[in-house]
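File shown here: query-v7.cif, holding mmCIF, C-alpha atoms and all ligand atoms.
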```cif
data_final
loop_
_atom_site.label_atom_id
_atom_site.label_comp_id
_atom_site.auth_asym_id
_atom_site.auth_seq_id
_atom_site.Cartn_x
_atom_site.Cartn_y
_atom_site.Cartn_z
CA MET W 1 42.84 91.08 -11.68
CA SER W 2 42.40 91.27 -15.45
CA ALA W 3 43.27 88.44 -17.81
CA LEU W 4 45.95 90.62 -19.37
CA HIS W 5 47.53 91.28 -16.00
CA ARG W 6 47.44 87.60 -15.20
CA ALA W 7 49.08 86.82 -18.49
CA GLY W 8 52.03 88.99 -17.59
CA ALA W 9 51.24 92.06 -19.67
CA THR W 10 52.70 94.43 -17.08
CA ARG W 11 55.79 96.63 -17.19
CA PRO W 12 58.87 94.39 -17.15
CA SER W 13 60.08 95.95 -13.89
CA ASP W 14 56.83 94.86 -12.21
CA PHE W 15 57.77 91.18 -12.45
CA GLN W 16 57.04 89.11 -9.34
CA ARG W 17 60.16 88.65 -7.23
CA ILE W 18 59.51 85.25 -5.69
CA ALA W 19 61.85 84.04 -2.95
CA HIS W 20 62.34 80.28 -3.20
CA ARG W 21 61.77 78.72 0.24
CA GLY W 22 62.36 82.26 1.56
CA ALA W 23 65.82 83.79 1.30
CA SER W 24 67.15 80.27 1.14
CA ALA W 25 70.67 80.98 -0.11
CA GLU W 26 71.37 82.91 3.08
CA CYS W 27 68.98 81.46 5.68
CA PRO W 28 67.64 78.01 6.54
CA GLU W 29 65.03 77.26 3.88
CA ASN W 30 61.33 77.27 4.70
CA THR W 31 61.70 78.96 8.09
CA LEU W 32 60.30 82.22 9.40
CA VAL W 33 63.76 83.83 9.51
CA ALA W 34 64.12 83.01 5.80
CA PHE W 35 60.73 84.59 5.13
CA ARG W 36 61.56 87.74 7.11
CA ARG W 37 64.87 88.08 5.29
CA ALA W 38 63.17 87.62 1.92
CA MET W 39 60.82 90.48 2.75
CA GLU W 40 63.77 92.67 3.83
CA LEU W 41 65.43 91.89 0.50
CA GLY W 42 62.42 93.09 -1.46
CA ALA W 43 60.62 89.88 -2.40
CA SER W 44 57.05 90.43 -3.55
CA MET W 45 56.14 86.78 -2.99
CA ILE W 46 57.56 83.81 -1.10
CA GLU W 47 57.45 80.26 -2.38
CA CYS W 48 57.31 77.56 0.28
CA ASP W 49 56.57 73.84 0.40
CA LEU W 50 53.71 72.28 2.36
CA GLN W 51 53.26 68.83 3.82
CA LEU W 52 50.80 67.16 6.18
CA THR W 53 51.87 65.88 9.59
CA ALA W 54 50.74 62.52 10.92
CA ASP W 55 48.06 64.30 12.97
CA GLY W 56 46.75 66.38 10.07
CA HIS W 57 48.50 69.73 10.52
CA VAL W 58 50.02 71.59 7.59
CA VAL W 59 53.70 72.43 7.96
CA VAL W 60 56.23 74.20 5.79
CA PHE W 61 58.87 71.66 4.78
CA HIS W 62 60.53 70.55 1.56
CA ASP W 63 62.12 67.09 1.88
CA TRP W 64 60.17 63.92 2.66
CA THR W 65 62.66 63.21 5.42
CA LEU W 66 64.00 65.29 8.29
CA GLU W 67 67.73 64.63 8.17
CA ARG W 68 69.00 67.30 5.77
CA THR W 69 67.40 70.37 7.32
CA THR W 70 66.75 69.44 10.97
CA ASP W 71 68.34 67.55 13.85
CA GLY W 72 65.60 64.90 13.60
CA THR W 73 65.25 61.63 11.72
CA GLY W 74 62.41 59.93 9.88
CA THR W 75 59.72 60.99 7.44
CA VAL W 76 57.75 64.18 7.95
CA ARG W 77 54.35 62.62 7.34
CA ASP W 78 54.89 60.01 10.04
CA GLN W 79 55.50 62.60 12.78
CA PRO W 80 52.95 64.53 14.83
CA LEU W 81 53.23 68.30 14.88
CA SER W 82 54.55 68.27 18.46
CA MET W 83 57.58 66.21 17.40
CA LEU W 84 58.30 68.43 14.39
CA ARG W 85 58.03 71.54 16.54
CA SER W 86 60.68 70.21 18.90
CA LEU W 87 63.28 70.09 16.14
CA ASP W 88 66.02 72.58 15.35
CA ALA W 89 65.50 73.58 11.71
CA GLY W 90 68.20 76.25 11.64
CA SER W 91 71.56 74.98 12.88
CA TRP W 92 72.24 72.87 9.78
CA LYS W 93 72.56 76.10 7.81
CA ASP W 94 74.55 78.08 10.37
CA PRO W 95 74.85 78.02 14.17
CA ARG W 96 73.42 81.51 14.34
CA TYR W 97 70.08 80.10 13.24
CA ALA W 98 69.91 77.57 16.09
CA GLY W 99 66.40 77.22 17.46
CA GLU W 100 64.53 78.04 14.23
CA ARG W 101 61.44 75.89 14.11
CA VAL W 102 59.52 74.12 11.37
CA PRO W 103 56.72 76.63 10.71
CA THR W 104 53.06 75.81 10.40
CA LEU W 105 51.13 77.22 7.46
CA GLU W 106 49.29 79.47 9.92
CA GLU W 107 52.58 80.98 11.06
CA ALA W 108 53.74 81.54 7.49
CA LEU W 109 50.48 83.35 6.73
CA ASP W 110 50.74 85.47 9.88
CA ALA W 111 54.39 86.36 9.30
CA THR W 112 53.72 87.61 5.78
CA ALA W 113 50.26 89.17 6.23
CA GLY W 114 49.91 92.54 4.56
CA ARG W 115 53.41 92.36 3.11
CA VAL W 116 53.92 89.71 0.42
CA GLY W 117 52.12 87.02 -1.51
CA LEU W 118 52.70 83.33 -0.94
CA ASN W 119 53.21 80.57 -3.50
CA LEU W 120 52.17 77.47 -1.57
CA GLU W 121 53.57 74.35 -3.20
CA LEU W 122 51.61 71.25 -2.22
CA LYS W 123 54.11 68.44 -1.70
CA SER W 124 51.93 65.44 -1.09
CA ARG W 125 52.79 61.92 -2.12
CA ARG W 126 49.31 61.00 -1.05
CA THR W 127 46.85 61.71 -3.78
CA GLU W 128 43.64 61.89 -1.80
CA GLY W 129 43.85 65.64 -1.68
CA LEU W 130 43.73 66.05 2.08
CA LEU W 131 46.73 68.37 2.01
CA ALA W 132 45.12 70.54 -0.64
CA LEU W 133 41.85 70.80 1.25
CA SER W 134 43.52 71.43 4.61
CA ALA W 135 45.76 74.15 3.19
CA LEU W 136 42.81 75.74 1.42
CA ARG W 137 40.77 75.83 4.62
CA ILE W 138 43.60 77.51 6.54
CA VAL W 139 44.17 80.08 3.80
CA GLU W 140 40.44 80.86 3.73
CA GLN W 141 40.35 81.21 7.53
CA HIS W 142 43.15 83.76 7.21
CA ALA W 143 41.25 85.61 4.45
CA ALA W 144 44.36 85.17 2.33
CA LEU W 145 42.99 83.63 -0.88
CA ASP W 146 43.85 86.77 -2.87
CA ARG W 147 47.54 86.72 -2.02
CA VAL W 148 48.11 82.98 -2.33
CA ILE W 149 48.91 80.99 -5.46
CA PHE W 150 48.74 77.23 -4.95
CA SER W 151 51.02 75.07 -7.07
CA SER W 152 51.90 71.41 -7.31
CA PHE W 153 53.68 68.94 -9.55
CA ASP W 154 50.64 66.70 -8.99
CA PRO W 155 47.64 67.94 -11.01
CA ARG W 156 45.33 65.69 -8.98
CA LEU W 157 45.88 67.85 -5.92
CA LEU W 158 45.15 70.95 -7.96
CA GLU W 159 41.94 69.32 -9.23
CA ARG W 160 40.80 68.73 -5.66
CA LEU W 161 41.59 72.33 -4.87
CA ARG W 162 39.61 73.61 -7.85
CA ASP W 163 36.66 71.35 -7.02
CA ALA W 164 36.65 72.84 -3.52
CA SER W 165 37.09 76.47 -4.52
CA PRO W 166 36.36 78.34 -7.74
CA ASP W 167 38.38 81.24 -6.33
CA ALA W 168 41.65 79.50 -5.46
CA ARG W 169 44.51 80.83 -7.58
CA ILE W 170 46.31 77.90 -9.17
CA ALA W 171 49.62 77.43 -10.97
CA VAL W 172 50.61 74.21 -12.71
CA LEU W 173 54.15 73.29 -11.69
CA TRP W 174 56.05 71.28 -14.27
CA ALA W 175 59.45 69.60 -14.09
CA HIS W 176 60.64 69.47 -17.70
CA ALA W 177 59.71 69.83 -21.36
CA PRO W 178 57.51 69.05 -23.20
CA PHE W 179 54.93 71.41 -21.75
CA ASP W 180 51.88 70.54 -23.88
CA ASP W 181 50.22 68.57 -21.09
CA ALA W 182 51.01 71.30 -18.57
CA LEU W 183 49.36 73.94 -20.75
CA ARG W 184 46.33 71.76 -21.39
CA ILE W 185 45.90 70.93 -17.70
CA ALA W 186 46.33 74.57 -16.70
CA VAL W 187 43.52 75.61 -19.03
CA GLU W 188 41.27 72.78 -17.85
CA LEU W 189 41.84 73.75 -14.22
CA GLY W 190 41.26 77.44 -14.78
CA ALA W 191 44.81 78.07 -13.57
CA GLU W 192 46.34 81.51 -13.84
CA ALA W 193 49.96 80.48 -14.27
CA LEU W 194 52.44 77.91 -15.49
CA HIS W 195 55.54 77.33 -13.34
CA PRO W 196 58.14 75.79 -15.66
CA PRO W 197 61.79 75.13 -14.81
CA ASP W 198 64.45 77.56 -15.97
CA ARG W 199 65.85 74.96 -18.34
CA GLY W 200 63.25 74.66 -21.06
CA THR W 201 61.73 78.11 -20.67
CA ASP W 202 62.02 80.08 -23.87
CA ALA W 203 60.16 82.74 -25.83
CA ALA W 204 57.90 80.17 -27.50
CA LEU W 205 56.74 78.74 -24.17
CA VAL W 206 56.00 82.16 -22.70
CA ARG W 207 54.07 83.02 -25.86
CA GLU W 208 52.10 79.77 -25.83
CA ALA W 209 51.21 80.28 -22.20
CA ARG W 210 50.13 83.85 -22.79
CA ALA W 211 47.99 82.78 -25.75
CA ARG W 212 46.06 80.64 -23.27
CA GLY W 213 45.71 83.47 -20.74
CA LEU W 214 48.44 82.05 -18.50
CA SER W 215 51.31 83.93 -16.92
CA THR W 216 54.68 82.27 -16.49
CA ASN W 217 56.70 82.10 -13.26
CA VAL W 218 60.05 80.36 -13.72
CA TRP W 219 62.01 78.34 -11.12
CA THR W 220 64.76 78.36 -9.82
CA VAL W 221 66.86 81.17 -11.26
CA ASN W 222 69.92 82.45 -9.44
CA SER W 223 71.85 84.24 -12.19
CA LEU W 224 71.17 87.96 -12.55
CA ASP W 225 71.73 87.82 -16.31
CA ARG W 226 69.22 85.01 -16.70
CA MET W 227 66.68 86.88 -14.55
CA LEU W 228 66.96 89.84 -16.91
CA GLU W 229 66.75 87.58 -19.95
CA LEU W 230 63.58 85.90 -18.68
CA VAL W 231 61.91 89.19 -17.86
CA GLY W 232 62.80 90.25 -21.39
CA LEU W 233 60.91 87.20 -22.66
CA GLY W 234 57.84 88.44 -20.82
CA VAL W 235 57.65 86.15 -17.82
CA ALA W 236 55.47 87.43 -14.99
CA GLY W 237 57.66 86.15 -12.18
CA VAL W 238 61.03 84.67 -11.32
CA ILE W 239 61.57 82.26 -8.42
CA SER W 240 65.03 82.52 -6.86
CA ASP W 241 67.05 81.53 -3.80
CA HIS W 242 68.49 85.07 -3.98
CA PRO W 243 65.67 87.62 -3.61
CA GLY W 244 68.27 90.39 -3.38
CA ARG W 245 69.32 89.62 -6.94
CA LEU W 246 65.72 89.85 -8.07
CA LEU W 247 65.60 93.34 -6.59
CA GLU W 248 68.85 94.18 -8.37
CA ALA W 249 67.33 92.96 -11.63
CA ARG W 250 64.37 95.24 -11.04
CA ALA W 251 66.69 98.19 -10.41
CA ARG W 252 68.53 97.48 -13.65
CA LEU W 253 65.24 97.38 -15.56
CA LEU W 254 64.12 100.66 -14.04
CA GLY W 255 67.48 102.25 -14.79
CA SER W 256 67.61 101.20 -18.42
O1 LIG N 301 57.93 75.77 -6.86
C1 LIG N 301 59.13 75.74 -7.56
C2 LIG N 301 60.13 74.78 -6.94
O2 LIG N 301 60.13 74.98 -5.56
C3 LIG N 301 59.81 73.35 -7.26
O3 LIG N 301 60.77 72.45 -6.83
O4 LIG N 301 61.85 70.88 -5.29
O5 LIG N 301 62.37 73.30 -5.12
O6 LIG N 301 60.17 72.43 -4.38
P1 LIG N 301 61.30 72.26 -5.34
MG MG N 302 59.08 74.20 -3.87
#
```
Starting from the coordinates I provided, produce the structure as structure tokens.
Amino acid sequence: MSALHRAGATRPSDFQRIAHRGASAECPENTLVAFRRAMELGASMIECDLQLTADGHVVVFHDWTLERTTDGTGTVRDQPLSMLRSLDAGSWKDPRYAGERVPTLEEALDATAGRVGLNLELKSRRTEGLLALSALRIVEQHAALDRVIFSSFDPRLLERLRDASPDARIAVLWAHAPFDDALRIAVELGAEALHPPDRGTDAALVREARARGLSTNVWTVNSLDRMLELVGLGVAGVISDHPGRLLEARARLLGS
């Protein structure tokens, strides 16, 4: 992939359509049914959140605790995989999703192989980097390094990842302006992208990122008008709970 491509210098309609936690507006977030639906709706990439279990497995899960999106209680990192796998991760969204399980990273890779990229967000409160190294190993075992972009709000995890692999594709995830530190860290890490929030992303930020060879993928954008506006600013990707709207934005760009 050329530096220009990485910096988002593609046709606007080629922007990455990134489904946030899968098709999470419609389906239970971070489950395989949400990933399958995102692919049906034309996503080119799926963002999902990763955490370590108590026994060292990597699972796809957003919150630190189980209550909101499963029928379990307690913190994710204190549970073994077997306990997490026994939970219902679908019914909270709608009874028709009863029986959806908390996926492992391996399952997420298998379910999306040959179809879409993955943005793996490392959600560790532990800073020793074990999550980063475990996720990297699994991605390498699946020969999926090319279609995975790792991101994290914690640059220390990204540093561990970079130390372990010169080839890992990295995005610096940032919560709010100012973005000077994010841009500096991204360059130091040899990252390919900045993932800024919708609020705070403007033409100047996209330009500053591009000047450093970085593409910009913005989260989390659910308005069609704002998707079109961001693509007009030159972002490389848009992260949304509504992948169908991203496809609609693409159709509008192709039609205009
Ligand atoms: O990766 C973008 C976005 O997912 C970051 O925030 O809390 O939705 O994981 P969060
Ligand atoms: Mg996330």
Distance query Ala113 in chain W at most 12 Å, only C-alpha atoms, self and fewer than 2 positions along chain excluded, as number ranges by chain: W: 35-36, 39, 44-46, 106-111, 115-118, 139, 142-148
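Atom pair CA of Ile149 in chain W / atom MG of ligand MG 302 (chain N) has a distance of 12.3 Å (rounded to one decimal).
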For Gly74 in chain W, list every protein, DNA or RNA residue within 9 Å, evaluated using all atoms listed in the file, and leave out those in the same chain fewer than 4 positions away; present the list as a tab-separated table (two decimals) with C-alpha atoms, keeping the file's coordinate frame.
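That gives us part-v1.tsv:
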```
chain	number	residue	atom	x	y	z
W	64	TRP	CA	60.17	63.92	2.66
W	65	THR	CA	62.66	63.21	5.42
W	66	LEU	CA	64.00	65.29	8.29
W	67	GLU	CA	67.73	64.63	8.17
W	78	ASP	CA	54.89	60.01	10.04
W	79	GLN	CA	55.50	62.60	12.78
```
Contacts with ligand LIG 301 (chain N) at most 10 Å, all atoms listed in the file counted, listed as an MDAnalysis selection string: chainID W and resid 18:21 46:50 61:63 119:123 150:153 171:175 195:197 217:220 238:241
Neighbour list for Ala203 in chain W as a VMD selection string, cut-off 9 Å, only C-alpha atoms, skip fewer than 5 positions in-chain: chain W and resid 208 230 233 to 234
Top pick for closest residue to Gly90 in chain W, considering W:Ala236, W:Val206, W:Cys27, W:Ile185 and counting all atoms listed in the file: W:Cys27
Test item: residues at most 12 Å from Leu247 in chain W, all atoms listed in the file, excluding those fewer than 2 positions along its chain, as a VMD selection string: chain W and resid 13 to 19 38 to 44 224 227 to 228 238 to 240 242 to 245 249 to 254
Point-to-point distance in Å for CA of Ala132 in chain W and CA of Leu105 in chain W: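 Between CA of Leu105 in chain W and CA of Ala132 in chain W the gap is 12.1 Å.
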Completion step: range 164-184 of chain W with N, CA and C atoms as a PDB file, in the frame of the given file:
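Result file rebuild32.pdb:
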```pdb
ATOM      1  N   ALA W 164      37.062  72.285  -4.818  1.00  0.00           N
ATOM      2  CA  ALA W 164      36.650  72.840  -3.520  1.00  0.00           C
ATOM      3  C   ALA W 164      36.492  74.348  -3.552  1.00  0.00           C
ATOM      4  N   SER W 165      37.146  75.004  -4.494  1.00  0.00           N
ATOM      5  CA  SER W 165      37.090  76.470  -4.520  1.00  0.00           C
ATOM      6  C   SER W 165      37.246  77.006  -5.927  1.00  0.00           C
ATOM      7  N   PRO W 166      36.220  77.709  -6.424  1.00  0.00           N
ATOM      8  CA  PRO W 166      36.360  78.340  -7.740  1.00  0.00           C
ATOM      9  C   PRO W 166      37.305  79.536  -7.676  1.00  0.00           C
ATOM     10  N   ASP W 167      37.583  80.022  -6.469  1.00  0.00           N
ATOM     11  CA  ASP W 167      38.380  81.240  -6.330  1.00  0.00           C
ATOM     12  C   ASP W 167      39.858  80.996  -6.075  1.00  0.00           C
ATOM     13  N   ALA W 168      40.238  79.770  -5.751  1.00  0.00           N
ATOM     14  CA  ALA W 168      41.650  79.500  -5.460  1.00  0.00           C
ATOM     15  C   ALA W 168      42.483  79.822  -6.692  1.00  0.00           C
ATOM     16  N   ARG W 169      43.586  80.504  -6.480  1.00  0.00           N
ATOM     17  CA  ARG W 169      44.510  80.830  -7.580  1.00  0.00           C
ATOM     18  C   ARG W 169      45.482  79.659  -7.733  1.00  0.00           C
ATOM     19  N   ILE W 170      45.573  79.154  -8.947  1.00  0.00           N
ATOM     20  CA  ILE W 170      46.310  77.900  -9.170  1.00  0.00           C
ATOM     21  C   ILE W 170      47.393  78.110 -10.227  1.00  0.00           C
ATOM     22  N   ALA W 171      48.550  77.492  -9.971  1.00  0.00           N
ATOM     23  CA  ALA W 171      49.620  77.430 -10.970  1.00  0.00           C
ATOM     24  C   ALA W 171      49.997  75.968 -11.164  1.00  0.00           C
ATOM     25  N   VAL W 172      50.180  75.579 -12.405  1.00  0.00           N
ATOM     26  CA  VAL W 172      50.610  74.210 -12.710  1.00  0.00           C
ATOM     27  C   VAL W 172      52.132  74.195 -12.731  1.00  0.00           C
ATOM     28  N   LEU W 173      52.694  73.398 -11.829  1.00  0.00           N
ATOM     29  CA  LEU W 173      54.150  73.290 -11.690  1.00  0.00           C
ATOM     30  C   LEU W 173      54.595  72.101 -12.536  1.00  0.00           C
ATOM     31  N   TRP W 174      55.644  72.329 -13.323  1.00  0.00           N
ATOM     32  CA  TRP W 174      56.050  71.280 -14.270  1.00  0.00           C
ATOM     33  C   TRP W 174      57.564  71.124 -14.229  1.00  0.00           C
ATOM     34  N   ALA W 175      58.025  69.881 -14.337  1.00  0.00           N
ATOM     35  CA  ALA W 175      59.450  69.600 -14.090  1.00  0.00           C
ATOM     36  C   ALA W 175      60.327  69.731 -15.323  1.00  0.00           C
ATOM     37  N   HIS W 176      59.778  69.412 -16.499  1.00  0.00           N
ATOM     38  CA  HIS W 176      60.640  69.470 -17.700  1.00  0.00           C
ATOM     39  C   HIS W 176      59.772  69.450 -18.963  1.00  0.00           C
ATOM     40  N   ALA W 177      60.406  69.868 -20.068  1.00  0.00           N
ATOM     41  CA  ALA W 177      59.710  69.830 -21.360  1.00  0.00           C
ATOM     42  C   ALA W 177      59.418  68.368 -21.706  1.00  0.00           C
ATOM     43  N   PRO W 178      58.406  68.097 -22.551  1.00  0.00           N
ATOM     44  CA  PRO W 178      57.510  69.050 -23.200  1.00  0.00           C
ATOM     45  C   PRO W 178      56.451  69.586 -22.227  1.00  0.00           C
ATOM     46  N   PHE W 179      55.866  70.724 -22.631  1.00  0.00           N
ATOM     47  CA  PHE W 179      54.930  71.410 -21.750  1.00  0.00           C
ATOM     48  C   PHE W 179      53.479  71.351 -22.243  1.00  0.00           C
ATOM     49  N   ASP W 180      53.251  70.571 -23.309  1.00  0.00           N
ATOM     50  CA  ASP W 180      51.880  70.540 -23.880  1.00  0.00           C
ATOM     51  C   ASP W 180      50.848  70.099 -22.844  1.00  0.00           C
ATOM     52  N   ASP W 181      51.177  69.048 -22.099  1.00  0.00           N
ATOM     53  CA  ASP W 181      50.220  68.570 -21.090  1.00  0.00           C
ATOM     54  C   ASP W 181      50.019  69.623 -20.000  1.00  0.00           C
ATOM     55  N   ALA W 182      51.110  70.277 -19.614  1.00  0.00           N
ATOM     56  CA  ALA W 182      51.010  71.300 -18.570  1.00  0.00           C
ATOM     57  C   ALA W 182      50.062  72.419 -19.000  1.00  0.00           C
ATOM     58  N   LEU W 183      50.210  72.862 -20.237  1.00  0.00           N
ATOM     59  CA  LEU W 183      49.360  73.940 -20.750  1.00  0.00           C
ATOM     60  C   LEU W 183      47.902  73.496 -20.817  1.00  0.00           C
ATOM     61  N   ARG W 184      47.704  72.276 -21.287  1.00  0.00           N
ATOM     62  CA  ARG W 184      46.330  71.760 -21.390  1.00  0.00           C
ATOM     63  C   ARG W 184      45.681  71.656 -20.003  1.00  0.00           C
TER      64      ARG W 184
END
```
